[in-house]
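One structure is given below, encoded as structure tokens.
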Amino acid sequence: MSVIEIHGLRKSYRVYQKKEGLLASFSGLFHREYREVNAVKGIDLTVDKGEFVAFLGPNGAGKTTTLKLLSGVITPTAGEARVLGYVPWERENDYRRRFALVMGQKNQLWWDLPAQESFQLHQKIYGIEPTAFKQTKDELVDLLGVAKLLGQPVRELSLGERMKMELIAALLHSPEVLFLDEPTIGLDVVAQHNIQKFLKHYQQVRGITILLTSHYMKDVAALCKRVVIIAGGEIVHDGSLEGVIDRFSDYKILTVDFADDRMPSDLARFGEVRELAPPRAKIEVDRNQIASVLTNVLANYSILDVSVEDPPLEEVIASLFALTEKQQRDSQDANIATTAANVAAAGKN
Amino acid sequence: MHRPNYLAVFWMFARNSLIRDMTFRTNYIIEVIFGVSWALMNLGFYTLIYRLMYADGDGHANIAGWSQYQFFVFIATTILVNSLVEGFFMANAEELSELTRTGGLDFALLKPIDTQFLLSLQRVNWSAVPKLILALALLAYSIPRIDGLTLSAIQFLLYPLYIVLGTLILYSVMIGLAATSIWLGRNQSLYDFWFYITNFSRYPMEIYEGTFGSPLRFVFTYMIPILVVINVPAATLAKPLSATNWPLAAFAVFATVASLAVSRWIFQRALMSYRSASS
């Protein structure tokens, strides 16, 4: 059963193009130039109940915008979306009682008060039965190990502790759908790990549907089987994390330990040499040629050890992001060039 | 889970705000001192004016038909309505443009509760309480000193009603102006105009006459009905009930309902155009 259904979802903003300098600011009072920013350019996505899906993408790819659209915080320019059967931006209270959004960079708890006061406020706003409230709260507090911090003003908590409180606040009403926008941003490794462990456990026990955006590959690898890569407002990959490597990396890494320090000097003919520490060499070998290169090496040299590996996931994703960004810039440049050409042509006429 | 009990939610707002105010004690005390001083200075200023008029005239000083103690009731009413607006709404309206700018409005939009209710009332400013007490004390002091006035029970009942109506009119103007920050985006808001506009409400409406006054009176009675905010309750209490007052009193009810409706409409429209801030 699908919980989230998105068809052709688009969101564009009109942004005032501010020019540099005081004089230009004055002229901006009378004549303004606007630029259309397409944050999300037509997304189609279906997510089933109980899935834990990761949104990956470079900054400004449209991940957060998509989550905000699905939470009904903003309304789309075009397209449709249904979550639990509701149109999010109609902001029905029935819908708002059934999902939650956690943003790693924003905080919804009362800053100057202990977190427990905010929890009580949530109980009233969500109309949670007192017994259910106590049970859920105790369970979450126990799982995240923050019992001692409940009475401390939120502003005195560390970032990691605050994030845990944010999670509790968001989960008190037992949402069926959870949107997590970079929940581990800025956290140290231990805190990141704790949050990951918690999320994994919670999702498995409750079987809720979670959509997560993150910059940390570790979050994604630890939590999500399904990865949706967004770049430039479009989905470029939807599948497993391993699938990303199969699809977007065209090389493998061949590591060879040569015997007797007799290392050939022309390793470059097999591929790009990445690391040379005799007797070991690491070579990037084209995916299609890995078999022939391997045969060649094994037949002609005396070898102690050999291994073939996929390139690190982060590397593949980084180069994928770089590629999509370049494509975008190129298409933008092309647009500008056409506009300029049209203007020039118009001038001649 | 079920629909929230709005009264219980408001009680949590008030409670949490009080806990917060108690944490920042110094700040609270300073706010109280400034608030009460402002009210007392106002009172002193008008006492001065009446004293000058007594010195000039025949011992029957009045401003547009308001004798000194009647006018004290007027001032007390101003302080009272002000303390209510400050106590319940002002901090929230101020916060609204900040929430828009920082994207904090996101969270308000997620809550399964009326967004206007949430954003209008989530902070209660307890430092307005001493001002409210001062206003009540001034009423108690002034009313017995008004010549030839015997209050009827109906006046006692109508006064709080009109105080509530007046507060709601000021709230409507305030939230309507503040909501424009969502519409206009970022740092822009018409909220500051609230202070300019409501300035006119602090004087008896009888002074607005002649070629300059009459248009002002028309605009601020029928277009933006802030003149009825203080005038109607103050006249109800300080002057004998008379049939000539009824049309205006009835209009105050209509004006309140209309103001609330218009501000609600503006608020809802503004929320639809919310853009959020990047994170």
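For the structure tokens, the naming scheme is as follows: chains receive sequential letters (A, B, ...) according to their order of presentation, residues are indexed from 1 within each chain, and ligands are indexed from 1 in presentation order.
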Point to revise | strand (DSSP E or B) residues, from DSSP on the backbone, in segment 27-238 of chain B, as a ChimeraX atom specification | key: /B:62-63,66-67
Report as a Markdown table: every residue of chain B with an atom at most 9 Å from chain A, its closest pair of atoms, and their distance in Å to one decimal, counting only C-alpha atoms, with rows sorted by chain and ascending residue number.
| residue | atom | partner | partner_atom | distance |
| --- | --- | --- | --- | --- |
| B:Met1 | CA | A:Ile128 | CA | 4.9 |
| B:His2 | CA | A:Gly127 | CA | 5.1 |
| B:Arg3 | CA | A:Gly127 | CA | 5.9 |
| B:Pro4 | CA | A:Gly127 | CA | 4.8 |
| B:Asn5 | CA | A:Lys124 | CA | 7.0 |
| B:Tyr6 | CA | A:Ile125 | CA | 8.0 |
| B:Ala8 | CA | A:Lys124 | CA | 6.7 |
| B:Val9 | CA | A:Lys124 | CA | 5.5 |
| B:Met12 | CA | A:Leu121 | CA | 6.0 |
| B:Phe13 | CA | A:Leu121 | CA | 7.7 |
| B:Asn16 | CA | A:Glu117 | CA | 7.0 |
| B:Ile19 | CA | A:Leu113 | CA | 7.6 |
| B:Arg20 | CA | A:Asp112 | CA | 6.4 |
| B:Thr23 | CA | A:Asp112 | CA | 8.2 |
| B:Gly103 | CA | A:Lys106 | CA | 8.4 |
| B:Gly104 | CA | A:Lys106 | CA | 7.4 |
| B:Leu105 | CA | A:Val73 | CA | 8.5 |
| B:Asp106 | CA | A:Val73 | CA | 5.7 |
| B:Phe107 | CA | A:Gln108 | CA | 6.4 |
| B:Ala108 | CA | A:Gln108 | CA | 8.8 |
| B:Leu109 | CA | A:Val73 | CA | 6.0 |
| B:Leu110 | CA | A:Arg96 | CA | 5.9 |
| B:Lys111 | CA | A:Arg96 | CA | 6.1 |
| B:Pro112 | CA | A:Asn93 | CA | 4.4 |
| B:Ile113 | CA | A:Asn93 | CA | 6.5 |
| B:Asp114 | CA | A:Asn93 | CA | 8.3 |
| B:Leu271 | CA | A:Ile74 | CA | 8.9 |
| B:Met272 | CA | A:Thr75 | CA | 7.3 |
| B:Ser273 | CA | A:Ile74 | CA | 7.8 |
| B:Tyr274 | CA | A:Ile74 | CA | 6.3 |
| B:Arg275 | CA | A:Ile74 | CA | 6.0 |
| B:Ser276 | CA | A:Ile74 | CA | 6.9 |
| B:Ser278 | CA | A:Thr64 | CA | 8.1 |
| B:Ser279 | CA | A:Gln105 | CA | 6.5 |
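Across the model, the gap from atom CA of Thr255 of chain A to atom CA of Ile283 of chain A is 6.4 Å.
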- For Ala268 of chain A, the nearest of the candidates A:Lys282, A:Lys164, A:Lys225, A:Arg35, counting only C-alpha atoms: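 Looking at the shortest contact to Ala268 of chain A, the residue is A:Lys282.
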Pick out the residues sitting within 12 Å of Gly148 of chain B, and hand them over as a PyMOL selection string; count only C-alpha atoms, and ignore anything fewer than 4 positions along from it in its own chain. chain B and resi 67+69-70+143-144+238-240
Could the residues in this selection be written to a file with N, CA, C and O atoms, as a CSV table (one decimal), in the first residue's frame?
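Result written to again21.csv:
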chain,number,residue,atom,x,y,z
B,67,SER,N,-15.1,65.8,31.6
B,67,SER,CA,-14.6,66.5,32.8
B,67,SER,C,-13.3,65.7,33.2
B,67,SER,O,-13.1,64.6,32.7
B,69,TYR,N,-12.5,63.8,35.9
B,69,TYR,CA,-12.5,62.4,36.3
B,69,TYR,C,-13.2,61.5,35.3
B,69,TYR,O,-12.9,60.3,35.2
B,70,GLN,N,-14.0,62.1,34.5
B,70,GLN,CA,-14.5,61.3,33.3
B,70,GLN,C,-13.4,61.0,32.4
B,70,GLN,O,-13.3,59.9,31.9
B,143,ILE,N,-14.2,56.9,39.3
B,143,ILE,CA,-15.7,56.8,39.2
B,143,ILE,C,-16.5,57.6,40.3
B,143,ILE,O,-17.4,58.4,40.0
B,144,PRO,N,-16.1,57.3,41.6
B,144,PRO,CA,-16.9,58.0,42.6
B,144,PRO,C,-16.7,59.5,42.6
B,144,PRO,O,-17.5,60.3,43.1
B,238,ALA,N,-18.4,56.3,32.1
B,238,ALA,CA,-18.2,57.6,32.6
B,238,ALA,C,-19.3,58.6,32.4
B,238,ALA,O,-19.4,59.7,33.1
B,239,LYS,N,-20.2,58.3,31.5
B,239,LYS,CA,-21.3,59.2,31.2
B,239,LYS,C,-22.6,58.5,31.5
B,239,LYS,O,-22.7,57.3,31.4
B,240,PRO,N,-23.7,59.3,31.8
B,240,PRO,CA,-25.0,58.7,32.0
B,240,PRO,C,-25.4,58.0,30.7
B,240,PRO,O,-25.1,58.4,29.6
Here atom CA of Glu206 of chain B and atom CA of Leu84 of chain B stand apart by 24.7 Å
- Query: So which residues of segment 100-231 of chain A fall under helix (DSSP H, G or I) by DSSP, listed as a VMD selection string?
  - Reply: chain A and resid 115 to 126 130 to 144 147 to 149 154 to 156 159 to 171 189 to 206 217 to 223
Which residues are near segment 129-141 of chain B? Cut-off 12 Å, only C-alpha atoms, ignore same chain within fewer than 3 positions. Put them as an NGL selection string. :B and (18 or 28-29 or 31-40 or 42-43 or 69-88 or 124-126 or 144-146 or 156 or 159-160 or 234 or 237-238)
query: Counting only C-alpha atoms, what is within 10 Å of Pro279 of chain A, bar same-chain residues fewer than 6 positions away, as a PyMOL selection string?
result: chain A and resi 256-263+303-304
In Å and to one decimal, atom CA of Thr26 of chain B is distant from atom CA of Ser127 of chain B by 11.3 Å
**Request:** Pick out the residues sitting within 9 Å of Leu84 of chain A, and hand them over as a list in words; count only C-alpha atoms, and ignore anything fewer than 2 positions along from it in its own chain.
**Result:** Ser2, Val3, Ile4, Glu5, Arg82, Tyr86, Val87, Tyr95, Arg98, Glu176 and Val177 of chain A
Once you have the residues from the selection above, write them out as a compact mmCIF listing (two decimals), in the first residue's frame, restricted to C-alpha atoms.
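Below is the file out-v8.txt, written as the result:
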# COMPACT_ATOMS: atom_id res chain seq x y z
CA SER A 2 1.49 3.31 -0.97
CA VAL A 3 1.61 5.98 1.68
CA ILE A 4 3.18 8.72 -0.40
CA GLU A 5 2.27 9.38 -4.00
CA ARG A 82 -0.95 12.63 -1.53
CA TYR A 86 -4.39 13.73 2.10
CA VAL A 87 -3.24 16.62 -0.03
CA TYR A 95 -3.46 14.94 8.33
CA ARG A 98 -0.64 11.75 11.56
CA GLU A 176 2.61 7.20 10.80
CA VAL A 177 4.81 9.18 8.46
